[in-house]
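See structure below.
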Amino acid sequence: MLLVSSLAAEELPEPKDISKMLDDGTVQGFSLQLNDEAEFTDLSVFQRPGSEDSIATGAILYAIPAETGIPKTLHLRLSPAAAVGVETNWNFKKRILEAIEEEQFPRVIAVDTMLTLQFLRGPKGESVGTPITMGEPPPEGTAPVRSSTGCSAGNCFNERFTACKEARLESKATLDLTFRYEILGSGKNGCRVRSTFMLHPNENWAGKSMVCVYDNGKPFAESILEPLSCTGALAEAMRE
């Protein structure tokens, strides 16, 4: 966790660099700088790919404030593309400020906040490397669950699943495991749900999705243990 003491405005702390090196020599990470009120003044994403396969086209920032435990996600497009062996930096200060104003991202992102960066590549958003995280998980008792319908995992999301009505749910299970469920509508003998690992320690699963048909005559948590059918890149990766 990065703690910031009370400093004069002209005595800004040095940027905090969080990075990780992959097996092929690729360096990925982000640089965070705060002011004396622990609000960020600069956030840059950087990558030095060791091979063409490691070049990222996008990134996702996940921020989980300890006070709520509710994750906020921010999708970023990386342009121009990084060159092999050359470190490229993308500064997203303006984009993040806009997200803060729209309440899509926490204003204080380094004190009592877990900040995770995941690099993505290609049109399907496949992960490049493993997540890079700063901070600590929210304390026990918080509920790190959100959905576009305002549901939580235990009540209205399950009701919408039973009725097979569109809904979306994201949940952070552990430090490096975040998943998303999206109810798409009726399928053969059940309800179609898209599942995506937004973060996963296995980089072959992270960022991939599958669409499964589940028996919506059962509770959702019970039905997902026995899917009627599953197709997609994630299903193929899991079978491998």
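Residues are named by chain letter and number: chains run A, B, ... in the order of the structure tokens, numbers start at 1 in each chain, and ligands are numbered from 1 in the order shown.
Within 8 Å of region 189-191 of chain A, once only C-alpha atoms are used and residues closer than 6 positions along the same chain are dropped, the contacting residues are Phe161, Cys164, Ile183, Val213, Tyr214, Asp215, Asn216 and Leu228 of chain A.
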Give me every alpha helix (DSSP H) residue in chain A, going by DSSP on the backbone, as a ChimeraX atom specification. /A:93-101,156-163,220-223,233-239
Can I get the selected residues back with C-alpha atoms, as a short mmCIF file (atom, residue, chain, number, x, y, z; two decimals), in the first residue's frame?
```
data_model
loop_
_atom_site.label_atom_id
_atom_site.label_comp_id
_atom_site.auth_asym_id
_atom_site.auth_seq_id
_atom_site.Cartn_x
_atom_site.Cartn_y
_atom_site.Cartn_z
CA LYS A 93 -4.25 11.74 -16.97
CA LYS A 94 -7.03 13.43 -18.98
CA ARG A 95 -8.93 10.18 -19.53
CA ILE A 96 -8.81 9.29 -15.83
CA LEU A 97 -9.83 12.80 -14.75
CA GLU A 98 -12.89 12.48 -17.00
CA ALA A 99 -13.69 9.09 -15.48
CA ILE A 100 -13.40 10.52 -11.97
CA GLU A 101 -15.82 13.32 -12.83
CA CYS A 156 -31.96 -9.73 -8.14
CA PHE A 157 -29.26 -11.16 -10.44
CA ASN A 158 -30.56 -14.63 -9.59
CA GLU A 159 -34.12 -13.42 -10.16
CA ARG A 160 -33.19 -12.08 -13.59
CA PHE A 161 -31.43 -15.36 -14.36
CA THR A 162 -34.60 -17.29 -13.48
CA ALA A 163 -36.57 -15.02 -15.83
CA PHE A 220 -27.66 -19.52 -10.74
CA ALA A 221 -24.91 -20.62 -8.35
CA GLU A 222 -26.10 -24.23 -8.69
CA SER A 223 -26.74 -24.13 -12.44
CA ALA A 233 -12.28 -19.18 -26.56
CA LEU A 234 -12.49 -19.60 -22.78
CA ALA A 235 -14.27 -22.96 -23.07
CA GLU A 236 -11.57 -24.17 -25.47
CA ALA A 237 -8.79 -22.95 -23.18
CA MET A 238 -10.35 -24.66 -20.17
CA ARG A 239 -10.69 -27.93 -22.08
#
```
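Among the candidates A:Leu120, A:Val27, A:Ile64, A:Val211, the one nearest to Ser51 (chain A) when counting only C-alpha atoms is A:Val27.
Picture a line from CA of Val193 (chain A) to CA of Cys212 (chain A); it runs 5.4 Å.
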Straight-line distance linking CA of Met134 (chain A) with CA of Pro106 (chain A), stated in Å to one decimal: 14.8 Å
Could you list, as a PyMOL selection string, every residue within 10 Å of Gly85 (chain A), counting only C-alpha atoms and ignoring same-chain residues fewer than 6 positions away? chain A and resi 25-27+47-52
For the selection just defined, write its residues with N, CA and C atoms to a file, as a compact mmCIF listing (two decimals), in the first residue's frame.
```
# COMPACT_ATOMS: atom_id res chain seq x y z
N GLY A 25 11.28 -11.18 -21.87
CA GLY A 25 12.00 -9.92 -21.70
C GLY A 25 11.13 -8.68 -21.79
N THR A 26 9.84 -8.87 -22.04
CA THR A 26 8.92 -7.73 -22.09
C THR A 26 8.77 -7.09 -20.71
N VAL A 27 8.82 -5.77 -20.67
CA VAL A 27 8.59 -5.03 -19.43
C VAL A 27 7.25 -4.31 -19.55
N GLN A 47 5.20 0.06 -21.69
CA GLN A 47 5.51 -1.30 -22.13
C GLN A 47 6.72 -1.28 -23.04
N ARG A 48 7.63 -2.24 -22.82
CA ARG A 48 8.75 -2.46 -23.73
C ARG A 48 8.68 -3.93 -24.16
N PRO A 49 8.03 -4.22 -25.29
CA PRO A 49 7.82 -5.61 -25.70
C PRO A 49 9.11 -6.29 -26.15
N GLY A 50 9.26 -7.54 -25.75
CA GLY A 50 10.42 -8.31 -26.17
C GLY A 50 10.19 -9.05 -27.46
N SER A 51 8.92 -9.12 -27.91
CA SER A 51 8.59 -9.79 -29.17
C SER A 51 7.29 -9.22 -29.70
N GLU A 52 7.01 -9.49 -30.96
CA GLU A 52 5.77 -9.01 -31.58
C GLU A 52 4.55 -9.53 -30.83
```
Taking the DSSP secondary structure from the backbone, can you list the residues of chain A that are strand (DSSP E or B), as a PyMOL selection string? chain A and resi 16-21+27-34+40-48+58-65+72-77+88-91+113-121+126-127+132-134+145-146+167-174+177-187+190-199+209-214+229-231
